[in-house]
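Engineer: Structure: my_file.txt, compact mmCIF, C-alpha atoms.
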# COMPACT_ATOMS: atom_id res chain seq x y z
CA MET A 142 0.00 0.00 0.00
CA THR A 143 1.00 3.58 -0.42
CA ASN A 144 1.84 5.85 2.48
CA ASN A 145 -0.31 8.89 3.40
CA LEU A 146 1.77 11.30 1.33
CA ASP A 147 1.45 9.08 -1.75
CA LYS A 148 -2.31 8.80 -1.34
CA GLN A 149 -2.73 12.56 -1.61
CA ILE A 150 -1.99 12.35 -5.35
CA PHE A 151 -5.29 10.47 -5.73
CA HIS A 152 -7.32 13.37 -4.29
CA ASP A 153 -5.52 16.62 -5.16
CA ASP A 154 -4.78 17.72 -8.73
CA ASP A 155 -1.83 19.94 -7.73
CA LYS A 156 -0.12 17.11 -5.86
CA ALA A 157 -0.98 14.70 -8.67
CA ARG A 158 0.64 17.04 -11.22
CA ALA A 159 3.77 17.51 -9.12
CA TRP A 160 4.14 13.73 -8.72
CA LEU A 161 3.59 13.10 -12.44
CA GLU A 162 6.13 15.77 -13.39
CA ALA A 163 8.71 14.01 -11.20
CA GLN A 164 8.10 10.73 -13.06
CA VAL A 165 7.97 12.12 -16.60
CA TRP A 166 10.69 14.77 -16.10
CA PRO A 167 13.14 13.32 -13.55
CA ASN A 168 15.81 15.82 -14.69
CA GLY A 169 13.50 18.81 -15.05
CA PRO A 170 10.86 19.85 -17.61
CA VAL A 171 11.31 19.19 -21.31
CA CYS A 172 9.37 20.98 -24.05
CA PRO A 173 7.36 18.34 -25.95
CA HIS A 174 7.35 20.52 -29.05
CA CYS A 175 11.05 21.27 -29.60
CA ARG A 176 12.66 19.13 -26.82
CA ALA A 177 14.27 22.19 -25.24
CA VAL A 178 15.36 21.87 -21.60
CA ARG A 179 16.40 25.49 -21.09
CA GLY A 180 14.41 28.69 -21.25
CA LEU A 181 11.26 27.08 -19.84
CA THR A 182 9.13 29.29 -17.62
CA ARG A 183 6.32 28.06 -15.41
CA MET A 184 3.26 30.24 -16.02
CA GLN A 185 1.64 31.77 -12.96
CA GLY A 186 -1.78 33.25 -12.30
CA LEU A 187 -5.40 32.42 -12.97
CA ALA A 188 -5.09 33.31 -16.66
CA HIS A 189 -3.02 30.17 -17.35
CA ARG A 190 -3.70 26.46 -17.18
CA PRO A 191 -2.54 24.80 -13.98
CA GLY A 192 0.97 23.45 -14.49
CA ALA A 193 1.54 25.33 -17.76
CA PHE A 194 5.05 26.15 -19.03
CA GLN A 195 6.17 28.62 -21.70
CA CYS A 196 9.03 27.57 -23.97
CA ASN A 197 11.13 30.62 -24.87
CA GLN A 198 12.66 28.85 -27.86
CA CYS A 199 9.63 27.65 -29.82
CA ARG A 200 7.19 29.98 -28.01
CA GLU A 201 4.77 27.15 -27.37
CA GLN A 202 2.97 26.47 -24.09
CA PHE A 203 2.66 23.00 -22.62
CA THR A 204 1.94 20.96 -19.51
CA VAL A 205 3.23 17.58 -18.41
CA THR A 206 0.32 15.82 -20.15
CA VAL A 207 1.01 17.21 -23.66
CA GLY A 208 2.12 14.42 -25.99
CA THR A 209 1.07 11.70 -23.54
CA VAL A 210 -1.84 9.29 -23.16
CA PHE A 211 -3.42 11.83 -20.76
CA GLU A 212 -3.49 14.68 -23.30
CA ARG A 213 -6.78 16.56 -23.77
CA SER A 214 -8.62 14.41 -21.27
CA LYS A 215 -11.44 15.97 -19.27
CA VAL A 216 -10.88 13.44 -16.48
CA PRO A 217 -9.11 15.11 -13.52
CA LEU A 218 -5.42 14.23 -13.28
CA HIS A 219 -5.76 12.82 -9.75
CA THR A 220 -8.47 10.45 -11.06
CA TRP A 221 -6.10 9.31 -13.80
CA LEU A 222 -3.42 8.50 -11.24
CA HIS A 223 -5.93 6.64 -9.09
CA ALA A 224 -6.87 4.50 -12.12
CA LEU A 225 -3.19 4.01 -12.96
CA TYR A 226 -2.49 2.77 -9.43
CA LEU A 227 -5.49 0.39 -9.36
CA MET A 228 -4.41 -1.10 -12.68
CA ASN A 229 -0.87 -1.70 -11.45
CA ALA A 230 -1.87 -2.98 -8.02
CA SER A 231 -4.19 -5.66 -9.46
CA LYS A 232 -2.23 -8.79 -10.37
CA LYS A 233 -4.82 -10.05 -12.83
CA GLY A 234 -6.12 -6.65 -13.95
CA ILE A 235 -9.26 -4.70 -13.17
CA SER A 236 -12.38 -4.55 -15.32
CA ALA A 237 -13.81 -1.32 -16.74
CA HIS A 238 -17.03 -1.96 -14.80
CA GLN A 239 -15.11 -2.21 -11.53
CA MET A 240 -13.00 0.81 -12.40
CA HIS A 241 -15.98 3.04 -13.20
CA ARG A 242 -17.59 2.17 -9.86
CA MET A 243 -14.41 2.83 -7.89
CA ILE A 244 -13.29 6.13 -9.40
CA GLY A 245 -16.68 7.60 -10.25
CA VAL A 246 -16.58 7.85 -14.06
CA THR A 247 -18.85 6.30 -16.68
CA TYR A 248 -18.19 2.79 -17.96
CA LYS A 249 -17.28 4.13 -21.42
CA THR A 250 -14.78 6.55 -19.89
CA ALA A 251 -13.27 3.82 -17.70
CA TRP A 252 -12.91 1.50 -20.71
CA PHE A 253 -11.08 4.17 -22.69
CA MET A 254 -8.89 5.09 -19.70
CA LEU A 255 -7.80 1.48 -19.27
CA HIS A 256 -6.78 1.25 -22.91
CA ARG A 257 -4.73 4.43 -22.55
CA ILE A 258 -3.04 2.97 -19.47
CA ARG A 259 -2.25 -0.24 -21.35
CA GLU A 260 -0.68 1.94 -24.03
CA ALA A 261 1.51 3.53 -21.34
CA MET A 262 2.55 0.06 -20.17
CA ALA A 263 3.67 -0.99 -23.65
CA ASN A 264 7.41 -0.97 -24.25
CA ARG A 265 7.91 -0.68 -27.99
CA THR A 266 11.47 0.28 -28.82
CA GLY A 267 15.01 -0.27 -27.70
CA LEU A 268 14.39 -3.66 -26.10
CA PRO A 269 17.68 -5.54 -25.58
CA PRO A 270 17.83 -9.30 -26.22
CA MET A 271 16.54 -11.45 -23.39
CA GLY A 272 18.86 -13.72 -21.46
CA GLY A 273 22.62 -13.71 -21.85
CA GLU A 274 25.57 -15.77 -20.74
CA GLY A 275 24.52 -18.33 -18.11
CA MET A 276 20.90 -17.13 -18.18
CA VAL A 277 17.80 -19.18 -19.02
CA VAL A 278 14.94 -18.14 -21.29
CA GLU A 279 11.80 -20.27 -21.37
CA ALA A 280 9.59 -20.35 -24.46
CA ASP A 281 6.09 -21.71 -24.89
CA GLU A 282 2.93 -21.11 -26.89
CA THR A 283 -0.74 -21.18 -26.01
CA TYR A 284 -4.12 -20.56 -27.61
CA PHE A 285 -6.74 -18.22 -26.19
CA GLY A 286 -10.09 -17.13 -27.61
CA LYS A 287 -11.51 -17.46 -31.10
CA GLN A 288 -9.94 -15.74 -34.07
CA ALA A 289 -11.98 -12.93 -35.59
CA GLU A 290 -11.48 -14.54 -38.99
CA PRO A 291 -10.61 -18.24 -38.51
CA LYS A 292 -7.98 -19.50 -40.92
CA GLU A 293 -8.60 -22.65 -42.93
CA ARG A 294 -6.57 -25.54 -41.51
CA ALA A 295 -3.95 -27.16 -43.72
CA LYS A 296 -4.84 -30.68 -44.91
CA LYS A 297 -1.32 -32.01 -44.26
CA ARG A 298 -1.21 -30.78 -40.66
CA LEU A 299 1.76 -28.50 -41.20
CA GLY A 300 1.08 -26.71 -37.91
CA PRO A 301 0.52 -25.15 -35.52
CA TYR A 302 1.44 -28.03 -33.24
CA THR A 303 0.34 -29.41 -29.90
CA LYS A 304 2.75 -31.12 -27.51
CA GLY A 305 2.13 -34.41 -29.30
CA GLY A 306 3.04 -32.94 -32.66
CA TYR A 307 -0.43 -32.72 -34.18
CA SER A 308 -2.20 -29.71 -35.57
CA GLY A 309 -3.12 -27.10 -32.98
CA PRO A 310 -6.65 -25.97 -32.13
CA GLY A 311 -8.42 -24.58 -35.17
CA GLY A 312 -9.79 -21.05 -35.08
CA LYS A 313 -7.92 -20.09 -31.90
CA ARG A 314 -5.68 -17.06 -31.33
CA ALA A 315 -2.05 -18.10 -31.02
CA ILE A 316 0.20 -16.49 -28.40
CA VAL A 317 3.95 -17.09 -28.07
CA ALA A 318 5.69 -16.15 -24.82
CA LEU A 319 9.33 -15.74 -23.81
CA VAL A 320 10.15 -15.53 -20.10
CA GLU A 321 13.61 -14.73 -18.82
CA ARG A 322 14.03 -16.69 -15.62
CA GLY A 323 14.20 -14.15 -12.82
CA GLY A 324 13.46 -11.37 -15.28
CA SER A 325 10.98 -10.05 -17.80
CA ALA A 326 8.38 -11.52 -20.16
CA ARG A 327 7.53 -10.77 -23.79
CA THR A 328 4.45 -12.12 -25.52
CA PHE A 329 3.52 -12.12 -29.19
CA HIS A 330 0.10 -12.47 -30.77
CA VAL A 331 0.71 -14.23 -34.11
CA ASP A 332 -1.57 -15.34 -36.93
CA GLY A 333 -0.38 -18.88 -36.44
CA ALA A 334 2.20 -20.57 -34.22
CA THR A 335 4.21 -22.11 -37.03
CA LYS A 336 7.77 -23.31 -36.71
CA ALA A 337 9.10 -20.47 -38.86
CA THR A 338 7.19 -17.80 -36.91
CA VAL A 339 8.13 -19.08 -33.47
CA GLN A 340 11.80 -19.52 -34.29
CA GLN A 341 11.99 -16.06 -35.86
CA ILE A 342 10.64 -14.59 -32.59
CA ILE A 343 13.29 -16.48 -30.62
CA ARG A 344 16.13 -15.38 -32.92
CA GLU A 345 15.08 -11.73 -32.75
CA ASN A 346 14.53 -11.60 -28.99
CA VAL A 347 16.86 -14.10 -27.28
CA ALA A 348 20.59 -13.52 -26.91
CA PRO A 349 22.68 -16.32 -28.52
CA GLU A 350 24.59 -16.78 -25.23
CA SER A 351 21.40 -17.91 -23.48
CA ARG A 352 20.14 -21.35 -22.53
CA LEU A 353 16.70 -22.05 -23.99
CA HIS A 354 14.16 -24.27 -22.21
CA THR A 355 11.08 -25.50 -24.07
CA ASP A 356 8.73 -28.45 -24.13
CA GLU A 357 9.05 -31.19 -26.77
CA SER A 358 6.93 -29.41 -29.39
CA PRO A 359 8.30 -29.70 -32.96
CA LEU A 360 8.04 -25.91 -33.17
CA TYR A 361 11.43 -25.60 -31.46
CA GLY A 362 13.28 -28.28 -33.41
CA GLY A 363 16.39 -26.91 -35.11
CA ILE A 364 16.72 -23.80 -32.94
CA ASP A 365 19.78 -25.26 -31.18
CA GLY A 366 22.21 -23.39 -33.41
CA HIS A 367 20.96 -20.01 -32.24
CA VAL A 368 21.47 -20.53 -28.49
CA THR A 369 24.25 -21.94 -26.37
CA GLU A 370 22.08 -24.81 -25.20
CA HIS A 371 18.52 -25.91 -26.01
CA GLU A 372 17.02 -28.24 -23.41
CA THR A 373 13.54 -29.73 -23.54
CA ILE A 374 11.16 -31.08 -20.95
CA LYS A 375 8.91 -34.02 -21.96
CA HIS A 376 5.42 -33.33 -20.68
CA THR A 377 3.93 -36.31 -22.53
CA ALA A 378 6.02 -38.59 -20.30
CA GLY A 379 4.89 -36.78 -17.13
CA GLU A 380 8.15 -34.85 -16.83
CA TYR A 381 7.92 -31.25 -15.58
CA VAL A 382 11.30 -30.63 -13.91
CA ARG A 383 14.71 -32.17 -14.61
CA GLY A 384 17.43 -30.50 -12.59
CA ASP A 385 16.97 -26.81 -13.46
CA VAL A 386 15.32 -27.62 -16.80
CA THR A 387 11.65 -26.61 -16.72
CA THR A 388 9.06 -24.42 -18.42
CA ASN A 389 7.13 -23.80 -15.20
CA HIS A 390 7.83 -20.05 -15.23
CA VAL A 391 6.42 -19.39 -18.69
CA GLU A 392 3.48 -21.66 -17.91
CA GLY A 393 2.95 -19.68 -14.70
CA TYR A 394 2.77 -16.52 -16.82
CA PHE A 395 0.09 -18.11 -19.00
CA SER A 396 -1.80 -19.19 -15.88
CA VAL A 397 -2.03 -15.62 -14.55
CA PHE A 398 -2.87 -14.28 -18.02
CA LYS A 399 -5.72 -16.73 -18.60
CA ARG A 400 -7.14 -16.32 -15.09
CA GLY A 401 -7.18 -12.57 -15.63
CA MET A 402 -8.70 -12.73 -19.09
CA LYS A 403 -11.39 -15.25 -18.10
CA GLY A 404 -12.10 -14.11 -14.56
CA ILE A 405 -11.66 -10.34 -14.80
CA TYR A 406 -12.09 -9.26 -18.40
CA GLN A 407 -14.24 -12.22 -19.54
CA HIS A 408 -14.27 -11.03 -23.16
CA CYS A 409 -11.61 -9.51 -25.38
CA SER A 410 -11.88 -8.98 -29.13
CA GLU A 411 -8.84 -10.03 -31.12
CA LYS A 412 -8.01 -6.48 -32.20
CA HIS A 413 -7.55 -5.48 -28.55
CA LEU A 414 -5.62 -8.62 -27.46
CA PRO A 415 -2.16 -7.04 -28.09
CA ARG A 416 -2.78 -4.30 -25.51
CA TYR A 417 -3.95 -6.81 -22.93
CA LEU A 418 -0.76 -8.79 -23.52
CA ALA A 419 1.27 -5.60 -23.01
CA GLU A 420 -0.54 -5.08 -19.69
CA PHE A 421 0.28 -8.57 -18.38
CA ASP A 422 3.86 -8.32 -19.70
CA PHE A 423 4.37 -5.07 -17.80
CA ARG A 424 3.08 -6.34 -14.46
CA PHE A 425 5.03 -9.60 -14.76
CA SER A 426 8.24 -7.78 -15.68
CA ASN A 427 7.77 -5.43 -12.69
CA ARG A 428 6.49 -7.93 -10.13
CA ALA A 429 6.94 -8.02 -6.38
CA ALA A 430 9.40 -10.94 -6.66
CA LEU A 431 11.78 -8.55 -8.43
CA GLY A 432 11.46 -6.00 -5.62
CA VAL A 433 8.91 -3.76 -7.37
CA ASP A 434 6.03 -2.69 -5.11
CA ASP A 435 2.69 -1.32 -6.29
CA MET A 436 3.65 2.35 -6.12
CA THR A 437 6.99 1.81 -7.86
CA ARG A 438 5.19 -0.14 -10.58
CA THR A 439 2.73 2.75 -10.93
CA ALA A 440 5.61 5.22 -11.22
CA LYS A 441 7.20 3.13 -13.99
CA ALA A 442 3.89 3.07 -15.86
CA ALA A 443 3.57 6.84 -15.44
CA ALA A 444 7.02 7.31 -16.96
CA GLY A 445 5.81 5.40 -20.03
CA ILE A 446 2.98 7.79 -20.96
CA VAL A 447 5.15 10.04 -23.16
CA GLY A 448 4.78 9.89 -26.94
CA LYS A 449 1.80 7.55 -26.84
CA ARG A 450 -1.21 9.77 -27.23
CA LEU A 451 -4.23 7.58 -27.97
CA THR A 452 -7.45 9.00 -29.42
CA TYR A 453 -10.79 7.25 -29.14
CA ARG A 454 -10.78 6.53 -32.88
CA ARG A 455 -7.38 4.85 -32.67
CA THR A 456 -8.34 2.60 -29.76
CA GLY A 457 -9.65 -0.01 -32.15
CA SER A 458 -6.39 -0.40 -34.09
CA ALA A 459 -3.97 -1.60 -31.43
CA ALA A 460 -0.61 -3.01 -32.42
CA HIS A 461 1.35 -5.03 -29.89
CA PRO A 462 4.76 -3.55 -29.08
CA ASN A 463 6.46 -6.85 -29.89
CA THR A 464 4.81 -7.60 -33.24
The structure in this file should be written as structure tokens.

Structural biologist:
Amino acid sequence: MTNNLDKQIFHDDDKARAWLEAQVWPNGPVCPHCRAVRGLTRMQGLAHRPGAFQCNQCREQFTVTVGTVFERSKVPLHTWLHALYLMNASKKGISAHQMHRMIGVTYKTAWFMLHRIREAMANRTGLPPMGGEGMVVEADETYFGKQAEPKERAKKRLGPYTKGGYSGPGGKRAIVALVERGGSARTFHVDGATKATVQQIIRENVAPESRLHTDESPLYGGIDGHVTEHETIKHTAGEYVRGDVTTNHVEGYFSVFKRGMKGIYQHCSEKHLPRYLAEFDFRFSNRAALGVDDMTRTAKAAAGIVGKRLTYRRTGSAAHPNT
């Protein structure tokens, strides 16, 4: 839980703005228009917006919310931060219905706010390879929900595959996950979990010095040359752990994801699935086991709001940060 000082940002717009500025501008204000860090003057008086700055270089005015997912919102800033905290403090997420009851906005507003927050959680660029020397990355795939436009299954069962090697569930959305043991997670919503697709994801996101742990699915056959060591666990023989070889961590990620999607959100259209994956990736990668508490997790999400303005019209065209 947060301390009393932290809780004030959920009730007072001035304190909320000061806290947000500290997260977005840790080294002082930056003009979102020309990126200037000098010659910025905080505007005073009733004639100006609260928290407004004047840039003496480009002559534009701005606040901390310009160019962020909070821009041009009529929802009070302290209400935004309350929603941001609730989203980050809920391990399996929080529904729009629950959110609108708790923070006092309409259901439609809460739904849109949650999508903006998921956008803030998404990490799109500059991601280093997962793993490294002596580190383990676990990979697995799962299927969740029906595809919006089911693909026709191949007659020769070319894939996707189940653990036994047969064609995967028809008409289901395929999700591939990579989990760095003791670290972060990355998930990918793909049209089909084929061998070529899955192995391309591994090559692009896993450092060659890593050890890779998977199950015995044919999807991972032939990936050995990309990693230092590829070890498999044989679930069909009742094997789940052999020494330190296991896929329990990535399967644990899927467990939390599916419990959240079925128990909290209940329904998710395929076009919105990438943002939900970004949400679960963020909370997993900033979990309590890594020393990240709820307020620190909220602060990290707040720092991610820059450059991700999301309009209502664009909410329906999400693209996952890792696709």

Engineer: Near A:Val331, counting only C-alpha atoms, which residues have an atom at most 10 Å away, once you skip same-chain residues fewer than 2 positions from it, shown as a PyMOL selection string?

Structural biologist: chain A and resi 314-317+328-329+333-335+338-339+415+464

Engineer: Using only C-alpha atoms, find each residue of stretch 251-366 of chain A with at least one atom at most 10 Å away from an atom of stretch 435-444 of chain A; report its shortest atom-to-atom pair and that distance in Å (one decimal), sort the rows by chain and rising residue number, and return the result as a Markdown table.

Structural biologist:
| residue | atom | partner | partner_atom | distance |
| --- | --- | --- | --- | --- |
| A:Ile258 | CA | A:Ala442 | CA | 7.8 |
| A:Arg259 | CA | A:Ala442 | CA | 8.9 |
| A:Glu260 | CA | A:Ala442 | CA | 9.4 |
| A:Ala261 | CA | A:Ala442 | CA | 6.0 |
| A:Met262 | CA | A:Ala442 | CA | 5.4 |
| A:Ala263 | CA | A:Ala442 | CA | 8.8 |
| A:Asn264 | CA | A:Ala442 | CA | 10.0 |

Engineer: Do you have the atom CA of A:Arg344-atom CA of A:Gly324 distance handy?

Structural biologist: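 About the pair atom CA of A:Arg344 and atom CA of A:Gly324: they are 18.3 Å apart.
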
Engineer: Between stretch 248-291 of chain A and stretch 212-224 of chain A, at 9 Å or less, what are the per-residue closest atom pairs and their distances in Å? Count all atoms listed in the file, order by chain and rising residue number, and return it as CSV.

Structural biologist:
residue,atom,partner,partner_atom,distance
A:Thr250,CA,A:Val216,CA,8.6
A:Ala251,CA,A:Ala224,CA,8.5
A:Met254,CA,A:Trp221,CA,7.8
A:Leu255,CA,A:Ala224,CA,7.8
A:Ile258,CA,A:Ala224,CA,8.4

Engineer: How far is it from atom CA of A:Gly401 to atom CA of A:Glu380, in Å with one decimal?

Structural biologist: 27.1 Å

Engineer: Using all atoms listed in the file, determine which residues lie at most 8 Å from A:Trp160, disregarding the query and same-chain residues fewer than 4 positions distant; provide the list as JSON, numbers by chain.

Structural biologist: {"A": [150, 156, 164]}

Engineer: If we count all atoms listed in the file, what is near stretch 204-211 of chain A at a cut-off of 7 Å, once residues fewer than 6 positions away on the same chain are taken out, given as a count of residues only?

Structural biologist: 13
